[in-house]
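A.B. asks: Quick one, query-v9.txt (compact mmCIF, N, CA and C atoms):
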# COMPACT_ATOMS: atom_id res chain seq x y z
N MET A 1117 0.85 -1.18 0.00
CA MET A 1117 0.00 0.00 0.00
C MET A 1117 0.89 1.23 0.00
N ALA A 1118 0.29 2.39 -0.05
CA ALA A 1118 1.06 3.61 -0.12
C ALA A 1118 0.32 4.75 0.52
N THR A 1119 1.03 5.83 0.66
CA THR A 1119 0.43 7.04 1.19
C THR A 1119 0.03 7.92 0.02
N TYR A 1120 -1.17 8.42 0.07
CA TYR A 1120 -1.66 9.31 -0.98
C TYR A 1120 -0.85 10.59 -0.97
N SER A 1121 -0.39 11.02 -2.12
CA SER A 1121 0.47 12.19 -2.22
C SER A 1121 -0.28 13.48 -1.96
N ASN A 1122 -1.61 13.44 -2.12
CA ASN A 1122 -2.45 14.62 -1.94
C ASN A 1122 -2.05 15.77 -2.86
N HIS A 1123 -1.45 15.44 -3.98
CA HIS A 1123 -1.14 16.45 -4.97
C HIS A 1123 -2.39 16.73 -5.79
N GLU A 1124 -2.76 17.95 -5.82
CA GLU A 1124 -3.92 18.34 -6.61
C GLU A 1124 -3.62 18.17 -8.09
N LEU A 1125 -4.52 17.50 -8.77
CA LEU A 1125 -4.42 17.40 -10.22
C LEU A 1125 -5.27 18.50 -10.81
N VAL A 1126 -4.66 19.30 -11.66
CA VAL A 1126 -5.36 20.42 -12.27
C VAL A 1126 -5.28 20.31 -13.78
N GLN A 1127 -6.26 20.88 -14.45
CA GLN A 1127 -6.21 20.91 -15.90
C GLN A 1127 -5.12 21.87 -16.34
N LEU A 1128 -4.30 21.44 -17.26
CA LEU A 1128 -3.22 22.27 -17.76
C LEU A 1128 -3.74 23.62 -18.23
N GLY A 1129 -4.88 23.62 -18.88
CA GLY A 1129 -5.48 24.86 -19.39
C GLY A 1129 -5.89 25.85 -18.33
N ASP A 1130 -5.98 25.40 -17.07
CA ASP A 1130 -6.34 26.28 -15.95
C ASP A 1130 -5.12 26.83 -15.23
N THR A 1131 -3.94 26.59 -15.78
CA THR A 1131 -2.70 27.03 -15.14
C THR A 1131 -1.92 27.95 -16.07
N ASP A 1132 -0.83 28.45 -15.58
CA ASP A 1132 0.10 29.23 -16.40
C ASP A 1132 1.16 28.35 -17.04
N GLU A 1133 1.09 27.05 -16.77
CA GLU A 1133 2.06 26.09 -17.33
C GLU A 1133 1.82 25.96 -18.84
N ILE A 1134 2.88 25.60 -19.56
CA ILE A 1134 2.78 25.38 -21.00
C ILE A 1134 3.50 24.09 -21.37
N VAL A 1135 3.19 23.56 -22.52
CA VAL A 1135 3.94 22.45 -23.10
C VAL A 1135 5.09 23.10 -23.85
N LEU A 1136 6.32 22.77 -23.46
CA LEU A 1136 7.48 23.44 -24.03
C LEU A 1136 7.57 23.30 -25.55
N ASP A 1137 7.28 22.10 -26.06
CA ASP A 1137 7.30 21.88 -27.49
C ASP A 1137 5.85 21.81 -27.97
N PRO A 1138 5.36 22.85 -28.65
CA PRO A 1138 3.96 22.84 -29.10
C PRO A 1138 3.60 21.61 -29.94
N GLY A 1139 4.57 21.01 -30.60
CA GLY A 1139 4.33 19.81 -31.39
C GLY A 1139 4.01 18.60 -30.54
N GLU A 1140 4.28 18.67 -29.24
CA GLU A 1140 3.98 17.56 -28.33
C GLU A 1140 2.71 17.80 -27.51
N ASP A 1141 2.01 18.88 -27.77
CA ASP A 1141 0.77 19.18 -27.06
C ASP A 1141 -0.36 18.39 -27.69
N VAL A 1142 -0.92 17.46 -26.95
CA VAL A 1142 -1.94 16.56 -27.50
C VAL A 1142 -3.36 17.10 -27.36
N ARG A 1143 -3.52 18.24 -26.69
CA ARG A 1143 -4.87 18.79 -26.54
C ARG A 1143 -5.47 19.09 -27.92
N GLY A 1144 -6.71 18.66 -28.11
CA GLY A 1144 -7.39 18.86 -29.38
C GLY A 1144 -7.24 17.70 -30.34
N LEU A 1145 -6.33 16.75 -30.03
CA LEU A 1145 -6.16 15.59 -30.91
C LEU A 1145 -7.28 14.59 -30.70
N LYS A 1146 -7.54 13.80 -31.74
CA LYS A 1146 -8.49 12.69 -31.63
C LYS A 1146 -7.93 11.65 -30.68
N VAL A 1147 -8.81 10.90 -30.05
CA VAL A 1147 -8.43 9.75 -29.24
C VAL A 1147 -8.96 8.52 -29.95
N MET A 1148 -8.06 7.59 -30.26
CA MET A 1148 -8.42 6.36 -30.94
C MET A 1148 -8.33 5.21 -29.94
N ASP A 1149 -9.29 4.28 -30.02
CA ASP A 1149 -9.26 3.15 -29.11
C ASP A 1149 -8.34 2.05 -29.64
N SER A 1150 -8.29 0.94 -28.94
CA SER A 1150 -7.39 -0.16 -29.31
C SER A 1150 -7.74 -0.78 -30.66
N GLU A 1151 -8.96 -0.58 -31.13
CA GLU A 1151 -9.38 -1.10 -32.43
C GLU A 1151 -9.23 -0.08 -33.55
N GLY A 1152 -8.81 1.13 -33.21
CA GLY A 1152 -8.65 2.18 -34.22
C GLY A 1152 -9.88 3.02 -34.42
N ASP A 1153 -10.89 2.86 -33.56
CA ASP A 1153 -12.11 3.67 -33.66
C ASP A 1153 -11.91 5.00 -32.95
N ASN A 1154 -12.50 6.03 -33.51
CA ASN A 1154 -12.41 7.37 -32.92
C ASN A 1154 -13.32 7.44 -31.70
N LEU A 1155 -12.73 7.77 -30.54
CA LEU A 1155 -13.50 7.89 -29.30
C LEU A 1155 -13.97 9.31 -29.04
N GLY A 1156 -13.17 10.27 -29.40
CA GLY A 1156 -13.46 11.67 -29.08
C GLY A 1156 -12.20 12.49 -29.20
N LYS A 1157 -12.07 13.49 -28.33
CA LYS A 1157 -10.91 14.39 -28.38
C LYS A 1157 -10.32 14.61 -27.00
N VAL A 1158 -9.02 14.89 -27.00
CA VAL A 1158 -8.35 15.27 -25.76
C VAL A 1158 -8.77 16.71 -25.46
N HIS A 1159 -9.53 16.88 -24.41
CA HIS A 1159 -9.98 18.21 -24.02
C HIS A 1159 -8.88 18.95 -23.26
N ASP A 1160 -8.21 18.24 -22.37
CA ASP A 1160 -7.15 18.86 -21.57
C ASP A 1160 -6.30 17.76 -20.96
N LEU A 1161 -5.29 18.16 -20.21
CA LEU A 1161 -4.41 17.24 -19.51
C LEU A 1161 -4.51 17.51 -18.02
N LEU A 1162 -4.57 16.46 -17.21
CA LEU A 1162 -4.51 16.63 -15.77
C LEU A 1162 -3.05 16.53 -15.36
N ILE A 1163 -2.57 17.58 -14.74
CA ILE A 1163 -1.16 17.61 -14.36
C ILE A 1163 -1.00 17.66 -12.85
N ASP A 1164 0.08 17.08 -12.41
CA ASP A 1164 0.51 17.11 -11.01
C ASP A 1164 1.62 18.15 -10.96
N GLN A 1165 1.29 19.36 -10.54
CA GLN A 1165 2.27 20.44 -10.56
C GLN A 1165 3.42 20.20 -9.59
N ALA A 1166 3.16 19.51 -8.49
CA ALA A 1166 4.22 19.24 -7.52
C ALA A 1166 5.29 18.32 -8.10
N GLU A 1167 4.87 17.39 -8.96
CA GLU A 1167 5.81 16.45 -9.58
C GLU A 1167 6.16 16.84 -11.02
N ASN A 1168 5.47 17.85 -11.55
CA ASN A 1168 5.67 18.30 -12.93
C ASN A 1168 5.46 17.15 -13.92
N LYS A 1169 4.33 16.45 -13.75
CA LYS A 1169 4.03 15.30 -14.61
C LYS A 1169 2.57 15.34 -15.05
N VAL A 1170 2.35 14.87 -16.26
CA VAL A 1170 0.98 14.66 -16.74
C VAL A 1170 0.53 13.34 -16.17
N ARG A 1171 -0.63 13.32 -15.52
CA ARG A 1171 -1.15 12.09 -14.91
C ARG A 1171 -2.28 11.47 -15.72
N ALA A 1172 -3.03 12.30 -16.48
CA ALA A 1172 -4.18 11.76 -17.19
C ALA A 1172 -4.63 12.69 -18.30
N LEU A 1173 -5.36 12.11 -19.23
CA LEU A 1173 -6.03 12.87 -20.28
C LEU A 1173 -7.45 13.15 -19.84
N VAL A 1174 -7.96 14.32 -20.13
CA VAL A 1174 -9.38 14.62 -19.96
C VAL A 1174 -9.96 14.53 -21.37
N VAL A 1175 -10.81 13.54 -21.58
CA VAL A 1175 -11.30 13.22 -22.92
C VAL A 1175 -12.81 13.45 -22.99
N THR A 1176 -13.22 14.18 -24.02
CA THR A 1176 -14.64 14.38 -24.30
C THR A 1176 -15.02 13.38 -25.38
N HIS A 1177 -16.07 12.60 -25.12
CA HIS A 1177 -16.46 11.54 -26.06
C HIS A 1177 -17.96 11.36 -26.05
N GLY A 1178 -18.42 10.56 -26.96
CA GLY A 1178 -19.86 10.27 -27.07
C GLY A 1178 -20.46 11.00 -28.25
N HIS A 1179 -21.76 10.90 -28.36
CA HIS A 1179 -22.50 11.53 -29.45
C HIS A 1179 -22.95 12.93 -29.03
N LEU A 1180 -23.38 13.69 -29.97
CA LEU A 1180 -23.76 15.08 -29.75
C LEU A 1180 -24.70 15.25 -28.57
N LEU A 1181 -25.72 14.40 -28.47
CA LEU A 1181 -26.70 14.52 -27.39
C LEU A 1181 -26.27 13.82 -26.10
N GLU A 1182 -25.22 13.01 -26.19
CA GLU A 1182 -24.78 12.23 -25.03
C GLU A 1182 -23.29 12.44 -24.77
N ARG A 1183 -22.82 13.67 -24.78
CA ARG A 1183 -21.42 13.97 -24.52
C ARG A 1183 -21.07 13.65 -23.08
N LYS A 1184 -19.87 13.13 -22.89
CA LYS A 1184 -19.36 12.78 -21.58
C LYS A 1184 -17.89 13.16 -21.53
N THR A 1185 -17.42 13.56 -20.37
CA THR A 1185 -16.01 13.84 -20.18
C THR A 1185 -15.46 12.86 -19.17
N SER A 1186 -14.40 12.17 -19.55
CA SER A 1186 -13.80 11.15 -18.70
C SER A 1186 -12.31 11.39 -18.54
N VAL A 1187 -11.75 10.76 -17.53
CA VAL A 1187 -10.32 10.80 -17.27
C VAL A 1187 -9.73 9.47 -17.70
N ILE A 1188 -8.67 9.52 -18.48
CA ILE A 1188 -7.96 8.31 -18.89
C ILE A 1188 -6.51 8.45 -18.43
N PRO A 1189 -6.03 7.57 -17.56
CA PRO A 1189 -4.65 7.66 -17.10
C PRO A 1189 -3.64 7.59 -18.26
N VAL A 1190 -2.52 8.28 -18.11
CA VAL A 1190 -1.51 8.27 -19.17
C VAL A 1190 -0.96 6.87 -19.43
N GLU A 1191 -1.10 5.98 -18.45
CA GLU A 1191 -0.64 4.60 -18.63
C GLU A 1191 -1.36 3.90 -19.77
N ALA A 1192 -2.54 4.37 -20.14
CA ALA A 1192 -3.33 3.74 -21.22
C ALA A 1192 -2.84 4.15 -22.61
N ILE A 1193 -2.00 5.17 -22.70
CA ILE A 1193 -1.52 5.64 -24.01
C ILE A 1193 -0.54 4.64 -24.59
N THR A 1194 -0.79 4.24 -25.84
CA THR A 1194 0.15 3.34 -26.51
C THR A 1194 0.95 4.05 -27.59
N SER A 1195 0.40 5.10 -28.19
CA SER A 1195 1.16 5.87 -29.18
C SER A 1195 0.50 7.22 -29.41
N ILE A 1196 1.29 8.11 -29.98
CA ILE A 1196 0.80 9.45 -30.32
C ILE A 1196 1.35 9.80 -31.69
N THR A 1197 0.46 10.33 -32.54
CA THR A 1197 0.87 10.84 -33.85
C THR A 1197 0.48 12.31 -33.90
N ALA A 1198 0.70 12.93 -35.02
CA ALA A 1198 0.30 14.33 -35.19
C ALA A 1198 -1.21 14.49 -35.23
N GLU A 1199 -1.95 13.39 -35.49
CA GLU A 1199 -3.40 13.45 -35.61
C GLU A 1199 -4.17 12.87 -34.43
N TYR A 1200 -3.58 11.90 -33.72
CA TYR A 1200 -4.34 11.24 -32.67
C TYR A 1200 -3.46 10.68 -31.56
N VAL A 1201 -4.15 10.36 -30.46
CA VAL A 1201 -3.58 9.63 -29.33
C VAL A 1201 -4.27 8.28 -29.31
N ARG A 1202 -3.51 7.20 -29.32
CA ARG A 1202 -4.10 5.86 -29.27
C ARG A 1202 -3.96 5.32 -27.85
N ILE A 1203 -5.06 4.72 -27.37
CA ILE A 1203 -5.04 4.10 -26.04
C ILE A 1203 -5.30 2.61 -26.17
N ASP A 1204 -4.99 1.87 -25.12
CA ASP A 1204 -5.14 0.41 -25.17
C ASP A 1204 -6.49 -0.07 -24.63
N GLU A 1205 -7.46 0.80 -24.63
CA GLU A 1205 -8.81 0.45 -24.16
C GLU A 1205 -9.80 0.54 -25.31
N GLY A 1206 -10.91 -0.17 -25.18
CA GLY A 1206 -11.95 -0.15 -26.19
C GLY A 1206 -12.99 0.93 -25.93
N LYS A 1207 -13.79 1.18 -26.93
CA LYS A 1207 -14.82 2.22 -26.86
C LYS A 1207 -15.79 1.97 -25.71
N GLN A 1208 -16.22 0.73 -25.52
CA GLN A 1208 -17.19 0.42 -24.46
C GLN A 1208 -16.59 0.63 -23.07
N LYS A 1209 -15.32 0.32 -22.92
CA LYS A 1209 -14.66 0.53 -21.63
C LYS A 1209 -14.64 2.01 -21.28
N VAL A 1210 -14.26 2.85 -22.24
CA VAL A 1210 -14.22 4.29 -21.99
C VAL A 1210 -15.63 4.83 -21.76
N ALA A 1211 -16.60 4.34 -22.51
CA ALA A 1211 -17.99 4.80 -22.35
C ALA A 1211 -18.51 4.51 -20.94
N GLY A 1212 -18.06 3.42 -20.33
CA GLY A 1212 -18.52 3.06 -18.99
C GLY A 1212 -17.67 3.62 -17.86
N SER A 1213 -16.68 4.42 -18.20
CA SER A 1213 -15.76 4.93 -17.19
C SER A 1213 -16.41 6.00 -16.32
N PRO A 1214 -15.84 6.22 -15.12
CA PRO A 1214 -16.37 7.29 -14.27
C PRO A 1214 -16.25 8.65 -14.98
N GLN A 1215 -17.26 9.47 -14.83
CA GLN A 1215 -17.24 10.80 -15.44
C GLN A 1215 -16.28 11.72 -14.69
N TYR A 1216 -15.61 12.59 -15.43
CA TYR A 1216 -14.69 13.55 -14.82
C TYR A 1216 -15.46 14.54 -13.96
N ASP A 1217 -14.96 14.76 -12.76
CA ASP A 1217 -15.56 15.72 -11.84
C ASP A 1217 -14.46 16.60 -11.26
N PRO A 1218 -14.29 17.83 -11.77
CA PRO A 1218 -13.21 18.69 -11.28
C PRO A 1218 -13.34 19.06 -9.81
N ALA A 1219 -14.49 18.86 -9.22
CA ALA A 1219 -14.67 19.16 -7.79
C ALA A 1219 -13.95 18.14 -6.91
N LEU A 1220 -13.52 17.03 -7.50
CA LEU A 1220 -12.89 15.97 -6.71
C LEU A 1220 -11.37 15.92 -6.88
N VAL A 1221 -10.74 17.07 -7.09
CA VAL A 1221 -9.30 17.10 -7.38
C VAL A 1221 -8.44 16.57 -6.24
N TYR A 1222 -8.91 16.61 -5.00
CA TYR A 1222 -8.13 16.10 -3.88
C TYR A 1222 -8.60 14.73 -3.40
N ASP A 1223 -9.54 14.14 -4.07
CA ASP A 1223 -10.18 12.92 -3.59
C ASP A 1223 -9.40 11.67 -4.01
N GLU A 1224 -8.70 11.08 -3.05
CA GLU A 1224 -7.91 9.87 -3.29
C GLU A 1224 -8.79 8.74 -3.84
N PHE A 1225 -9.99 8.61 -3.32
CA PHE A 1225 -10.86 7.50 -3.73
C PHE A 1225 -11.35 7.68 -5.16
N TYR A 1226 -11.61 8.91 -5.57
CA TYR A 1226 -12.05 9.19 -6.94
C TYR A 1226 -10.97 8.74 -7.93
N TYR A 1227 -9.74 9.20 -7.72
CA TYR A 1227 -8.67 8.82 -8.65
C TYR A 1227 -8.30 7.35 -8.48
N GLY A 1228 -8.41 6.82 -7.27
CA GLY A 1228 -8.18 5.39 -7.07
C GLY A 1228 -9.18 4.56 -7.86
N ASP A 1229 -10.44 5.01 -7.88
CA ASP A 1229 -11.47 4.32 -8.67
C ASP A 1229 -11.16 4.38 -10.17
N ILE A 1230 -10.69 5.52 -10.63
CA ILE A 1230 -10.36 5.66 -12.06
C ILE A 1230 -9.21 4.74 -12.43
N TYR A 1231 -8.12 4.78 -11.65
CA TYR A 1231 -6.99 3.90 -11.94
C TYR A 1231 -7.41 2.44 -11.85
N GLY A 1232 -8.19 2.10 -10.84
CA GLY A 1232 -8.67 0.73 -10.68
C GLY A 1232 -9.56 0.30 -11.83
N TYR A 1233 -10.42 1.19 -12.29
CA TYR A 1233 -11.33 0.88 -13.40
C TYR A 1233 -10.54 0.45 -14.64
N TYR A 1234 -9.43 1.14 -14.89
CA TYR A 1234 -8.61 0.82 -16.06
C TYR A 1234 -7.54 -0.24 -15.77
N GLY A 1235 -7.42 -0.66 -14.50
CA GLY A 1235 -6.49 -1.73 -14.16
C GLY A 1235 -5.05 -1.29 -13.91
N TYR A 1236 -4.86 -0.04 -13.53
CA TYR A 1236 -3.51 0.48 -13.26
C TYR A 1236 -3.34 0.80 -11.78
N SER A 1237 -2.11 0.69 -11.31
CA SER A 1237 -1.80 1.13 -9.94
C SER A 1237 -1.79 2.64 -9.92
N PRO A 1238 -2.40 3.25 -8.90
CA PRO A 1238 -2.39 4.71 -8.80
C PRO A 1238 -0.97 5.26 -8.65
N TYR A 1239 -0.77 6.47 -9.11
CA TYR A 1239 0.56 7.07 -9.13
C TYR A 1239 1.14 7.31 -7.74
N TRP A 1240 0.34 7.25 -6.70
CA TRP A 1240 0.87 7.47 -5.35
C TRP A 1240 1.29 6.17 -4.67
N TYR A 1241 1.11 5.02 -5.32
CA TYR A 1241 1.55 3.75 -4.74
C TYR A 1241 3.07 3.64 -4.81
N ASP A 1242 3.65 2.97 -3.83
CA ASP A 1242 5.11 2.84 -3.76
C ASP A 1242 5.70 2.14 -4.98
N ASP A 1243 4.97 1.18 -5.55
CA ASP A 1243 5.51 0.42 -6.68
C ASP A 1243 5.22 1.07 -8.04
N TYR A 1244 4.64 2.26 -8.03
CA TYR A 1244 4.29 2.94 -9.28
C TYR A 1244 5.55 3.40 -10.01
N VAL A 1245 5.55 3.19 -11.32
CA VAL A 1245 6.61 3.67 -12.18
C VAL A 1245 5.97 4.49 -13.29
N TYR A 1246 6.40 5.74 -13.43
CA TYR A 1246 5.85 6.61 -14.47
C TYR A 1246 6.16 6.01 -15.84
N PRO A 1247 5.19 5.97 -16.74
CA PRO A 1247 5.43 5.34 -18.05
C PRO A 1247 6.47 6.09 -18.88
N ALA A 1248 7.13 5.35 -19.73
CA ALA A 1248 8.14 5.93 -20.62
C ALA A 1248 7.49 6.58 -21.84
N TYR A 1249 6.15 6.56 -21.90
CA TYR A 1249 5.44 7.16 -23.02
C TYR A 1249 5.57 8.66 -22.94
N PRO A 1250 5.12 9.36 -23.87
CA PRO A 1250 4.48 8.85 -25.08
C PRO A 1250 5.51 8.54 -26.16
N TYR A 1251 5.12 7.64 -27.03
CA TYR A 1251 5.93 7.37 -28.20
C TYR A 1251 5.30 8.11 -29.36
N TYR A 1252 6.03 9.02 -29.92
CA TYR A 1252 5.52 9.77 -31.06
C TYR A 1252 5.89 9.06 -32.35
N ALA A 1253 4.90 8.91 -33.22
CA ALA A 1253 5.14 8.22 -34.49
C ALA A 1253 5.18 9.21 -35.64
Give the structure from this file in structure tokens form.

C.D. replies:
Amino acid sequence: MATYSNHELVQLGDTDEIVLDPGEDVRGLKVMDSEGDNLGKVHDLLIDQAENKVRALVVTHGHLLERKTSVIPVEAITSITAEYVRIDEGKQKVAGSPQYDPALVYDEFYYGDIYGYYGYSPYWYDDYVYPAYPYYA
């Protein structure tokens, strides 16, 4: 087990922080699932300012009348191109994911549920290793 870091995750767009190389900014890119289907778009990035790391994508997906915003941990990213971010999850998995709630930025259980839903260890666990991603193609 581990101690929760209690680092607030904030949307990059709500800060003065920038992506140093604009070519590596994935906001606005399509999100493709493991089958190559378009899920939606990267709305923003959740960043841990204390660690200076991106922890998750904030993704808007669904149909016009049924839009949903979800959090997808960066561990799910398998590749990034100039047009899209590919994740290792399917459309149905993302559709059933917990909805993003910015009011829960300090809630260990909220983020624990998200990481658990996707099958990843939360970033505050002792055995957590930050992924070597993204791989740009």

A.B. asks: Write down as number ranges by chain the residues of chain A whose backbone DSSP state falls under strand (DSSP E).

C.D. replies: A: 1125-1127, 1146-1148, 1154-1164, 1169-1177, 1184-1189, 1193-1196, 1200-1203

A.B. asks: When distances are computed from only N, CA and C atoms, which of A:Asp1149, A:Asp1160, A:Pro1247, A:Val1174 shows the smallest separation from A:Lys1207?

C.D. replies: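 With only N, CA and C atoms as the atom set, the closest residue is A:Asp1149.
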
A.B. asks: From chain A, collect each residue whose DSSP state is helix (DSSP H, G or I) and return the set as number ranges by chain.

C.D. replies: A: 1128-1130, 1138-1140, 1180-1182, 1190-1192, 1207-1211, 1218-1220, 1224-1234

A.B. asks: Work out how far apart atom C of A:His1177 and atom N of A:Tyr1241 are and give it in Å to one decimal.

C.D. replies: 28.9 Å

A.B. asks: Could you please determine the separation between atom CA of A:Tyr1244 and atom CA of A:Leu1220 in Å, to one decimal place?

C.D. replies: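 Result for atom CA of A:Tyr1244 versus atom CA of A:Leu1220: 21.7 Å, one decimal.
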
A.B. asks: Kindly assemble as JSON lines a list of the stretch 1182-1230 of chain A residues that lie within 8 Å of stretch 1125-1138 of chain A, each paired with its nearest atom pair and their distance in Å to one decimal, using only N, CA and C atoms, sorted first by chain and then by ascending residue number.

C.D. replies:
{"residue": "A:Pro1218", "atom": "CA", "partner": "A:Gln1127", "partner_atom": "N", "distance": 7.9}
{"residue": "A:Leu1220", "atom": "C", "partner": "A:Leu1125", "partner_atom": "N", "distance": 7.3}
{"residue": "A:Val1221", "atom": "C", "partner": "A:Leu1125", "partner_atom": "N", "distance": 4.8}
{"residue": "A:Tyr1222", "atom": "N", "partner": "A:Leu1125", "partner_atom": "N", "distance": 5.9}
{"residue": "A:Asp1223", "atom": "N", "partner": "A:Leu1125", "partner_atom": "N", "distance": 7.7}

A.B. asks: Any chance you could export the current selection's N, CA and C atoms as a PDB file, keeping the file's coordinate frame?

C.D. replies:
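File written: out13.pdb
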ATOM      1  N   PRO A1218     -14.290  17.830 -11.770  1.00  0.00           N
ATOM      2  CA  PRO A1218     -13.210  18.690 -11.280  1.00  0.00           C
ATOM      3  C   PRO A1218     -13.340  19.060  -9.810  1.00  0.00           C
ATOM      4  N   LEU A1220     -13.520  17.030  -7.500  1.00  0.00           N
ATOM      5  CA  LEU A1220     -12.890  15.970  -6.710  1.00  0.00           C
ATOM      6  C   LEU A1220     -11.370  15.920  -6.880  1.00  0.00           C
ATOM      7  N   VAL A1221     -10.740  17.070  -7.090  1.00  0.00           N
ATOM      8  CA  VAL A1221      -9.300  17.100  -7.380  1.00  0.00           C
ATOM      9  C   VAL A1221      -8.440  16.570  -6.240  1.00  0.00           C
ATOM     10  N   TYR A1222      -8.910  16.610  -5.000  1.00  0.00           N
ATOM     11  CA  TYR A1222      -8.130  16.100  -3.880  1.00  0.00           C
ATOM     12  C   TYR A1222      -8.600  14.730  -3.400  1.00  0.00           C
ATOM     13  N   ASP A1223      -9.540  14.140  -4.070  1.00  0.00           N
ATOM     14  CA  ASP A1223     -10.180  12.920  -3.590  1.00  0.00           C
ATOM     15  C   ASP A1223      -9.400  11.670  -4.010  1.00  0.00           C
TER      16      ASP A1223
END

A.B. asks: Write out as number ranges by chain each polymer residue whose atoms come within 10 Å of A:His1159, counting only C-alpha atoms; drop sequence neighbours fewer than 2 positions from it.

C.D. replies: A: 1127, 1129, 1142-1146, 1156-1157, 1161, 1173-1177, 1185-1186

A.B. asks: For the selection you just gave me, I'd like the residues written to a file as a PDB file, keeping the file's coordinate frame, keeping N, CA and C atoms.

C.D. replies:
ATOM      1  N   GLN A1127      -6.260  20.880 -14.450  1.00  0.00           N
ATOM      2  CA  GLN A1127      -6.210  20.910 -15.900  1.00  0.00           C
ATOM      3  C   GLN A1127      -5.120  21.870 -16.340  1.00  0.00           C
ATOM      4  N   GLY A1129      -4.880  23.620 -18.880  1.00  0.00           N
ATOM      5  CA  GLY A1129      -5.480  24.860 -19.390  1.00  0.00           C
ATOM      6  C   GLY A1129      -5.890  25.850 -18.330  1.00  0.00           C
ATOM      7  N   VAL A1142      -0.920  17.460 -26.950  1.00  0.00           N
ATOM      8  CA  VAL A1142      -1.940  16.560 -27.500  1.00  0.00           C
ATOM      9  C   VAL A1142      -3.360  17.100 -27.360  1.00  0.00           C
ATOM     10  N   ARG A1143      -3.520  18.240 -26.690  1.00  0.00           N
ATOM     11  CA  ARG A1143      -4.870  18.790 -26.540  1.00  0.00           C
ATOM     12  C   ARG A1143      -5.470  19.090 -27.920  1.00  0.00           C
ATOM     13  N   GLY A1144      -6.710  18.660 -28.110  1.00  0.00           N
ATOM     14  CA  GLY A1144      -7.390  18.860 -29.380  1.00  0.00           C
ATOM     15  C   GLY A1144      -7.240  17.700 -30.340  1.00  0.00           C
ATOM     16  N   LEU A1145      -6.330  16.750 -30.030  1.00  0.00           N
ATOM     17  CA  LEU A1145      -6.160  15.590 -30.910  1.00  0.00           C
ATOM     18  C   LEU A1145      -7.280  14.590 -30.700  1.00  0.00           C
ATOM     19  N   LYS A1146      -7.540  13.800 -31.740  1.00  0.00           N
ATOM     20  CA  LYS A1146      -8.490  12.690 -31.630  1.00  0.00           C
ATOM     21  C   LYS A1146      -7.930  11.650 -30.680  1.00  0.00           C
ATOM     22  N   GLY A1156     -13.170  10.270 -29.400  1.00  0.00           N
ATOM     23  CA  GLY A1156     -13.460  11.670 -29.080  1.00  0.00           C
ATOM     24  C   GLY A1156     -12.200  12.490 -29.200  1.00  0.00           C
ATOM     25  N   LYS A1157     -12.070  13.490 -28.330  1.00  0.00           N
ATOM     26  CA  LYS A1157     -10.910  14.390 -28.380  1.00  0.00           C
ATOM     27  C   LYS A1157     -10.320  14.610 -27.000  1.00  0.00           C
ATOM     28  N   LEU A1161      -5.290  18.160 -20.210  1.00  0.00           N
ATOM     29  CA  LEU A1161      -4.410  17.240 -19.510  1.00  0.00           C
ATOM     30  C   LEU A1161      -4.510  17.510 -18.020  1.00  0.00           C
ATOM     31  N   LEU A1173      -5.360  12.110 -19.230  1.00  0.00           N
ATOM     32  CA  LEU A1173      -6.030  12.870 -20.280  1.00  0.00           C
ATOM     33  C   LEU A1173      -7.450  13.150 -19.840  1.00  0.00           C
ATOM     34  N   VAL A1174      -7.960  14.320 -20.130  1.00  0.00           N
ATOM     35  CA  VAL A1174      -9.380  14.620 -19.960  1.00  0.00           C
ATOM     36  C   VAL A1174      -9.960  14.530 -21.370  1.00  0.00           C
ATOM     37  N   VAL A1175     -10.810  13.540 -21.580  1.00  0.00           N
ATOM     38  CA  VAL A1175     -11.300  13.220 -22.920  1.00  0.00           C
ATOM     39  C   VAL A1175     -12.810  13.450 -22.990  1.00  0.00           C
ATOM     40  N   THR A1176     -13.220  14.180 -24.020  1.00  0.00           N
ATOM     41  CA  THR A1176     -14.640  14.380 -24.300  1.00  0.00           C
ATOM     42  C   THR A1176     -15.020  13.380 -25.380  1.00  0.00           C
ATOM     43  N   HIS A1177     -16.070  12.600 -25.120  1.00  0.00           N
ATOM     44  CA  HIS A1177     -16.460  11.540 -26.060  1.00  0.00           C
ATOM     45  C   HIS A1177     -17.960  11.360 -26.050  1.00  0.00           C
ATOM     46  N   THR A1185     -17.420  13.560 -20.370  1.00  0.00           N
ATOM     47  CA  THR A1185     -16.010  13.840 -20.180  1.00  0.00           C
ATOM     48  C   THR A1185     -15.460  12.860 -19.170  1.00  0.00           C
ATOM     49  N   SER A1186     -14.400  12.170 -19.550  1.00  0.00           N
ATOM     50  CA  SER A1186     -13.800  11.150 -18.700  1.00  0.00           C
ATOM     51  C   SER A1186     -12.310  11.390 -18.540  1.00  0.00           C
TER      52      SER A1186
END

A.B. asks: Which one is closest to A:Met1148: A:Gly1206, A:Gly1228, A:Gly1212, A:Gly1235? Count all atoms listed in the file.

C.D. replies: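 When distances to A:Met1148 are compared using all atoms listed in the file, the smallest one comes from A:Gly1206.
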
A.B. asks: Between atom CA of A:Ala1192 and atom CA of A:Asp1204, measure the distance and give it in Å to one decimal.

C.D. replies: 5.5 Å

A.B. asks: Each side padded by 5 Å, which centre and which edge lengths in Å (one decimal) define the axis-aligned box around the listed atoms of stretch 1206-1211 of chain A? Give them as JSON.

C.D. replies:
{"center_x": -14.7, "center_y": 2.3, "center_z": -23.9, "size_x": 17.6, "size_y": 15.0, "size_z": 16.0}

A.B. asks: Would you please work out which residue, of A:Lys1169, A:Thr1194, A:Val1158, A:Ala1211, is nearest to A:Glu1182 when using only C-alpha atoms?

C.D. replies: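 Using only C-alpha atoms, the shortest distance to A:Glu1182 belongs to A:Ala1211.
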
A.B. asks: Can you tell me, as JSON, numbers by chain, which residues sit within 12 Å of (-8.3, 0.5, -24.8) in the file's frame, using only C-alpha atoms?

C.D. replies: {"A": [1147, 1148, 1149, 1150, 1151, 1152, 1153, 1154, 1155, 1188, 1189, 1190, 1191, 1192, 1193, 1194, 1195, 1201, 1202, 1203, 1204, 1205, 1206, 1207, 1208, 1209, 1210, 1211, 1213, 1233, 1234, 1235]}
